[in-house]
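Have a look at query28.tsv; it's TSV, C-alpha atoms and all ligand atoms:
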chain	number	residue	atom	x	y	z
A	23	MET	CA	-45.89	40.68	22.21
A	24	MET	CA	-43.09	42.51	23.99
A	25	GLN	CA	-39.67	42.22	22.41
A	26	ARG	CA	-36.53	41.95	24.47
A	27	ALA	CA	-32.97	42.55	23.40
A	28	LEU	CA	-30.90	39.38	23.10
A	29	ARG	CA	-28.46	39.19	25.96
A	30	PRO	CA	-25.15	37.40	25.20
A	31	SER	CA	-25.66	35.18	28.25
A	32	VAL	CA	-28.62	33.39	26.62
A	33	LEU	CA	-26.21	31.94	24.04
A	34	ILE	CA	-24.09	30.08	26.59
A	35	PRO	CA	-24.89	27.41	29.19
A	36	PRO	CA	-26.78	28.67	32.27
A	37	GLY	CA	-24.78	29.81	35.29
A	38	PHE	CA	-22.27	31.99	33.41
A	39	ASP	CA	-21.92	35.60	32.34
A	40	VAL	CA	-20.20	36.56	29.11
A	41	GLU	CA	-17.12	38.66	29.68
A	42	ARG	CA	-16.10	39.05	26.07
A	43	ALA	CA	-16.47	37.33	22.73
A	44	VAL	CA	-13.89	37.51	19.96
A	45	CYS	CA	-13.70	35.90	16.57
A	46	ASP	CA	-10.31	34.85	15.29
A	47	GLY	CA	-11.56	34.01	11.81
A	48	ALA	CA	-12.33	30.32	12.07
A	49	THR	CA	-13.42	30.13	15.70
A	50	THR	CA	-15.46	32.22	18.10
A	51	VAL	CA	-13.88	32.42	21.53
A	52	ILE	CA	-16.24	33.38	24.36
A	53	THR	CA	-14.75	34.18	27.74
A	54	VAL	CA	-17.20	33.57	30.57
A	55	ARG	CA	-17.34	33.88	34.35
A	56	PRO	CA	-19.47	31.82	36.72
A	57	THR	CA	-22.32	33.88	38.18
A	58	SER	CA	-22.25	32.09	41.54
A	59	ASP	CA	-19.83	33.30	44.23
A	60	LYS	CA	-19.83	29.89	45.94
A	61	SER	CA	-19.24	26.26	45.07
A	62	LEU	CA	-19.96	22.95	46.79
A	63	CYS	CA	-17.02	20.95	48.16
A	64	PRO	CA	-17.01	17.49	46.54
A	65	GLY	CA	-15.58	16.07	49.79
A	66	CYS	CA	-18.17	17.16	52.34
A	67	GLY	CA	-20.87	18.87	50.30
A	68	ALA	CA	-20.55	22.16	52.19
A	69	SER	CA	-20.74	25.43	50.31
A	70	SER	CA	-17.68	27.65	50.32
A	71	GLY	CA	-17.15	31.18	49.11
A	72	ARG	CA	-13.47	31.41	50.06
A	73	ILE	CA	-11.57	31.68	46.80
A	74	HIS	CA	-8.05	30.22	46.77
A	75	SER	CA	-7.03	30.96	43.18
A	76	ARG	CA	-8.26	31.15	39.61
A	77	TYR	CA	-7.53	29.03	36.60
A	78	GLN	CA	-8.77	28.71	33.07
A	79	ARG	CA	-10.84	25.92	31.59
A	80	CYS	CA	-11.33	25.66	27.87
A	81	LEU	CA	-14.31	23.76	26.46
A	82	THR	CA	-15.96	23.35	23.10
A	83	ASP	CA	-19.58	24.46	22.95
A	84	LEU	CA	-22.30	24.34	20.28
A	85	PRO	CA	-21.30	26.14	17.06
A	86	LEU	CA	-22.61	29.65	16.53
A	87	ALA	CA	-23.46	31.08	13.11
A	88	GLY	CA	-21.49	28.34	11.38
A	89	ARG	CA	-18.37	28.72	13.51
A	90	PRO	CA	-17.06	26.41	16.22
A	91	VAL	CA	-17.20	27.97	19.68
A	92	ARG	CA	-14.52	27.74	22.36
A	93	LEU	CA	-15.70	28.62	25.82
A	94	MET	CA	-12.96	30.00	28.07
A	95	ILE	CA	-14.10	29.73	31.65
A	96	VAL	CA	-12.40	31.71	34.36
A	97	ALA	CA	-12.93	29.06	37.04
A	98	ARG	CA	-11.83	29.12	40.66
A	99	ARG	CA	-10.34	26.96	43.35
A	100	PHE	CA	-12.03	27.24	46.71
A	101	ARG	CA	-10.91	26.47	50.25
A	102	CYS	CA	-13.11	24.06	52.15
A	103	VAL	CA	-13.90	25.53	55.55
A	104	THR	CA	-15.24	22.33	57.12
A	105	VAL	CA	-12.83	21.41	59.91
A	106	MET	CA	-13.15	17.63	59.51
A	107	CYS	CA	-13.10	17.61	55.69
A	108	GLY	CA	-10.09	15.99	54.01
A	109	ARG	CA	-10.17	18.47	51.12
A	110	ARG	CA	-8.45	21.71	51.89
A	111	ILE	CA	-8.78	23.06	48.35
A	112	PHE	CA	-11.15	22.02	45.60
A	113	THR	CA	-11.80	23.08	42.03
A	114	GLU	CA	-15.05	24.79	41.26
A	115	ARG	CA	-18.00	22.49	40.50
A	116	PHE	CA	-20.69	23.43	38.05
A	117	ASP	CA	-24.10	21.97	37.50
A	118	ASP	CA	-23.53	18.61	35.73
A	119	GLY	CA	-26.34	19.61	33.39
A	120	ALA	CA	-24.10	22.43	32.11
A	121	LEU	CA	-20.63	20.92	32.33
A	122	ALA	CA	-19.09	17.99	34.14
A	123	PRO	CA	-15.95	18.46	36.30
A	124	TRP	CA	-13.29	17.37	33.80
A	125	ALA	CA	-15.28	17.73	30.59
A	126	ARG	CA	-13.76	19.21	27.44
A	127	ARG	CA	-17.17	19.76	25.89
A	128	THR	CA	-20.26	21.39	27.37
A	129	ALA	CA	-23.02	18.94	28.35
A	130	ARG	CA	-25.30	20.18	25.57
A	131	LEU	CA	-22.60	19.57	22.94
A	132	ASP	CA	-21.82	16.18	24.48
A	133	LEU	CA	-25.49	15.22	24.18
A	134	LEU	CA	-25.57	16.21	20.51
A	135	VAL	CA	-22.39	14.23	19.81
A	136	HIS	CA	-23.90	11.27	21.65
A	137	HIS	CA	-27.05	11.30	19.51
A	138	LEU	CA	-25.02	11.70	16.30
A	139	GLY	CA	-22.98	8.66	17.31
A	140	LEU	CA	-26.05	6.61	18.09
A	141	ALA	CA	-27.79	7.56	14.86
A	142	LEU	CA	-24.90	7.19	12.41
A	143	GLY	CA	-22.15	5.15	14.05
A	144	GLY	CA	-18.50	6.18	14.52
A	145	ARG	CA	-16.92	7.34	11.27
A	146	PRO	CA	-20.02	8.59	9.38
A	147	ALA	CA	-21.03	10.48	12.50
A	148	ALA	CA	-17.58	12.08	12.77
A	149	SER	CA	-17.65	13.34	9.19
A	150	PHE	CA	-21.21	14.63	9.58
A	151	ALA	CA	-20.18	16.33	12.83
A	152	ARG	CA	-17.39	18.15	10.96
A	153	ARG	CA	-19.96	19.48	8.49
A	154	LEU	CA	-22.00	20.75	11.39
A	155	MET	CA	-18.91	22.56	12.73
A	156	LEU	CA	-18.65	20.22	15.70
A	157	PRO	CA	-14.96	19.36	15.79
A	158	VAL	CA	-15.00	15.83	17.17
A	159	SER	CA	-12.90	12.83	16.18
A	160	ASN	CA	-14.13	9.34	15.48
A	161	ASP	CA	-12.52	8.09	18.70
A	162	THR	CA	-14.08	10.84	20.78
A	163	LEU	CA	-17.47	10.02	19.32
A	164	LEU	CA	-17.21	6.37	20.28
A	165	ARG	CA	-15.99	7.32	23.76
A	166	VAL	CA	-18.95	9.65	24.31
A	167	VAL	CA	-21.41	6.96	23.22
A	168	ARG	CA	-19.77	4.31	25.41
A	169	ARG	CA	-19.52	6.56	28.44
A	170	ARG	CA	-23.13	7.66	28.22
A	171	GLY	CA	-24.19	4.12	27.40
A	172	CYS	CA	-22.66	2.97	30.69
A	173	GLN	CA	-24.56	5.36	32.92
A	174	PRO	CA	-26.60	3.64	35.62
A	175	PHE	CA	-30.14	2.91	34.57
A	176	ALA	CA	-33.34	1.89	36.31
A	177	ALA	CA	-34.04	-1.84	35.98
A	178	PRO	CA	-36.09	-2.20	32.77
A	179	SER	CA	-38.95	-4.62	32.23
A	180	VAL	CA	-39.66	-4.07	28.53
A	181	ILE	CA	-36.62	-3.87	26.28
A	182	GLY	CA	-35.78	-3.82	22.60
A	183	ILE	CA	-32.66	-5.38	21.07
A	184	ASP	CA	-31.26	-4.13	17.79
A	185	ASP	CA	-28.06	-4.03	15.78
A	186	TRP	CA	-25.79	-1.06	16.26
A	187	ALA	CA	-23.01	-0.01	13.89
A	188	TRP	CA	-19.65	0.78	15.45
A	189	ARG	CA	-18.56	1.17	11.83
A	190	ARG	CA	-21.19	1.02	9.14
A	191	ASN	CA	-21.04	-2.16	7.08
A	192	GLN	CA	-17.96	-3.30	8.98
A	193	ARG	CA	-18.45	-3.77	12.66
A	194	TYR	CA	-21.71	-4.26	14.45
A	195	GLY	CA	-22.65	-4.45	18.05
A	196	THR	CA	-25.92	-4.71	19.92
A	197	ILE	CA	-27.95	-1.89	21.37
A	198	ILE	CA	-30.45	-2.51	24.13
A	199	CYS	CA	-33.19	0.04	24.74
A	200	ASP	CA	-35.63	0.47	27.57
A	201	LEU	CA	-38.85	0.69	25.56
A	202	GLU	CA	-40.90	2.13	28.40
A	203	ARG	CA	-38.49	4.94	29.19
A	204	ARG	CA	-37.50	5.24	25.53
A	205	ARG	CA	-33.77	5.37	25.99
A	206	PRO	CA	-30.72	3.24	25.18
A	207	ILE	CA	-29.35	1.50	28.26
A	208	ALA	CA	-26.59	-0.76	26.99
A	209	LEU	CA	-24.21	-1.16	24.06
A	210	LEU	CA	-22.76	-4.63	23.67
A	211	PRO	CA	-19.50	-5.10	21.70
A	212	ASP	CA	-20.83	-7.66	19.18
A	213	ARG	CA	-24.09	-9.21	18.00
A	214	GLU	CA	-23.53	-12.72	19.25
A	215	PRO	CA	-26.64	-14.21	20.89
A	216	ALA	CA	-24.45	-15.39	23.79
A	217	THR	CA	-23.37	-11.81	24.58
A	218	ALA	CA	-26.96	-10.59	24.72
A	219	GLN	CA	-27.93	-13.67	26.73
A	220	ALA	CA	-25.23	-12.93	29.30
A	221	TRP	CA	-26.49	-9.37	29.65
A	222	LEU	CA	-30.10	-10.53	29.94
A	223	SER	CA	-29.23	-13.04	32.67
A	224	GLY	CA	-28.22	-10.10	34.86
A	225	GLN	CA	-31.69	-8.55	34.43
A	226	PRO	CA	-34.15	-11.24	35.58
A	227	GLN	CA	-36.99	-8.71	35.99
A	228	ILE	CA	-37.30	-8.22	32.21
A	229	ALA	CA	-40.71	-9.42	31.06
A	230	VAL	CA	-40.81	-8.49	27.37
A	231	VAL	CA	-38.01	-8.49	24.79
A	232	ALA	CA	-38.65	-7.05	21.33
A	233	ARG	CA	-36.12	-8.03	18.70
A	234	ASP	CA	-35.57	-6.08	15.52
A	235	ARG	CA	-32.36	-7.51	14.14
A	236	GLY	CA	-31.37	-9.50	11.11
A	237	GLY	CA	-30.54	-13.13	11.95
A	238	GLY	CA	-29.01	-13.96	15.34
B	301	ZN	ZN	-15.12	19.83	52.26
Rendering of file as structure tokens:
Amino acid sequence: MMQRALRPSVLIPPGFDVERAVCDGATTVITVRPTSDKSLCPGCGASSGRIHSRYQRCLTDLPLAGRPVRLMIVARRFRCVTVMCGRRIFTERFDDGALAPWARRTARLDLLVHHLGLALGGRPAASFARRLMLPVSNDTLLRVVRRRGCQPFAAPSVIGIDDWAWRRNQRYGTIICDLERRRPIALLPDREPATAQAWLSGQPQIAVVARDRGGG
């Protein structure tokens, strides 16, 4: 099997080139540049390559060799060249799969944080995240889970209802999963039957409900 040298760009999200990487003891700071020379205007969808100015975005990425990683992105503002478009200038857009427009974490770190939150609940997840060198607060964790939990979903027909710990042994909510697509689709603030009933009444197409919760 042919061996290839490890390029620094394979360590970071796709669509960027590494400009330099420095380690200031506790943290690794990687400065990156977008590889594309164009970006899509969020107003009209047209592609523009006319750079207006540059600015810096700073995001947290997955830890590397036991150290937290800060990604410094030299991002750009572009001019929209579409005559009828209301946006004259827009900030560079990246693939949402790599990083969302105003995100402070890369999408792959966000996903990890989301799964930690789902698996362990707020505070235990935050302390475990610290051990994994993912600097994320309890509040951030809950926000990530709620935000991702609110994403639009395809109407499910087979769902599972279970308890979900906002705080282990203290505060419980309800998690609803689409069992066919195998993903969580809703987090309800408590485990009252009436709350779940209200949610269910908005989804009349549901044919099968599997319950795996104590009481209620
Ligand atoms: Zn435009």
Residues of chain A that have any atom at most 8 Å from an atom of ligand ZN 301 (chain B): could you tabulate them with the shortest-distance atom pair and the distance in Å to one decimal, using only C-alpha atoms and all ligand atoms, ordered by chain and increasing number, as a tab-separated table?
residue	atom	partner	partner_atom	distance
A:Leu62	CA	B:ZN301	ZN	7.9
A:Cys63	CA	B:ZN301	ZN	4.7
A:Pro64	CA	B:ZN301	ZN	6.5
A:Gly65	CA	B:ZN301	ZN	4.5
A:Cys66	CA	B:ZN301	ZN	4.1
A:Gly67	CA	B:ZN301	ZN	6.2
A:Ala68	CA	B:ZN301	ZN	5.9
A:Cys102	CA	B:ZN301	ZN	4.7
A:Val103	CA	B:ZN301	ZN	6.7
A:Thr104	CA	B:ZN301	ZN	5.5
A:Met106	CA	B:ZN301	ZN	7.8
A:Cys107	CA	B:ZN301	ZN	4.6
A:Gly108	CA	B:ZN301	ZN	6.6
A:Arg109	CA	B:ZN301	ZN	5.3
A:Arg110	CA	B:ZN301	ZN	6.9
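Of the listed residues (A:Arg115, A:Arg89, A:Arg204, A:Arg168), A:Arg168 comes nearest to Gly139 of chain A; the distances count only C-alpha atoms.
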Handout entry: Spatial neighbours of Ala187 of chain A, max dist 8 Å, all atoms listed in the file, sep filter under 3 positions, as a list in words
Key = Leu142, Gly143, Gly144, Arg190, Asn191, Gln192, Arg193, Tyr194 and Gly195 of chain A
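Counting all atoms listed in the file, the residue from A:Gln219, A:Thr49, A:Ser179, A:Thr113 that sits nearest to Ser61 of chain A is A:Thr113.
Minimum atom-to-atom distance to Leu163 of chain A, evaluated using only C-alpha atoms, belongs to A:His136 out of A:Arg205, A:His136, A:Arg55, A:Arg99.
Across the model, the gap from atom CA of Leu156 of chain A to atom CA of Asp39 of chain A is 22.9 Å.
Among the candidate residues A:Val180, A:Ile52, A:Ile197, A:Val44, the one lying nearest to Ile95 of chain A is A:Ile52, with distances computed using all atoms listed in the file.
Of the listed residues A:Arg203, A:Arg79, A:Arg170, A:Arg26, the one whose atoms come nearest to Arg126 of chain A is A:Arg79, with distances taken using only C-alpha atoms.
For the pair atom CA of Asp161 of chain A and atom CA of Ala218 of chain A, the separation is 24.4 Å.
Atom CA of Glu114 of chain A to atom CA of Val91 of chain A spans 21.9 Å [interatomic distance, one decimal].
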Neighbour list for Arg233 of chain A as an mmCIF file with C-alpha atoms, in the frame of the given file, cut-off 7 Å, only C-alpha atoms, skip fewer than 6 positions in-chain:
data_model
loop_
_atom_site.group_PDB
_atom_site.id
_atom_site.type_symbol
_atom_site.label_atom_id
_atom_site.label_comp_id
_atom_site.auth_asym_id
_atom_site.auth_seq_id
_atom_site.Cartn_x
_atom_site.Cartn_y
_atom_site.Cartn_z
ATOM 1 C CA GLY A 182 -35.780 -3.820 22.600
ATOM 2 C CA ILE A 183 -32.660 -5.380 21.070
ATOM 3 C CA ASP A 184 -31.260 -4.130 17.790
#
Practice task
Show which residues sit within 10 Å of Gly88 of chain A, as number ranges by chain. Count only C-alpha atoms, and ignore same-chain residues fewer than 5 positions away.
Solution key: A: 48-50, 153-156
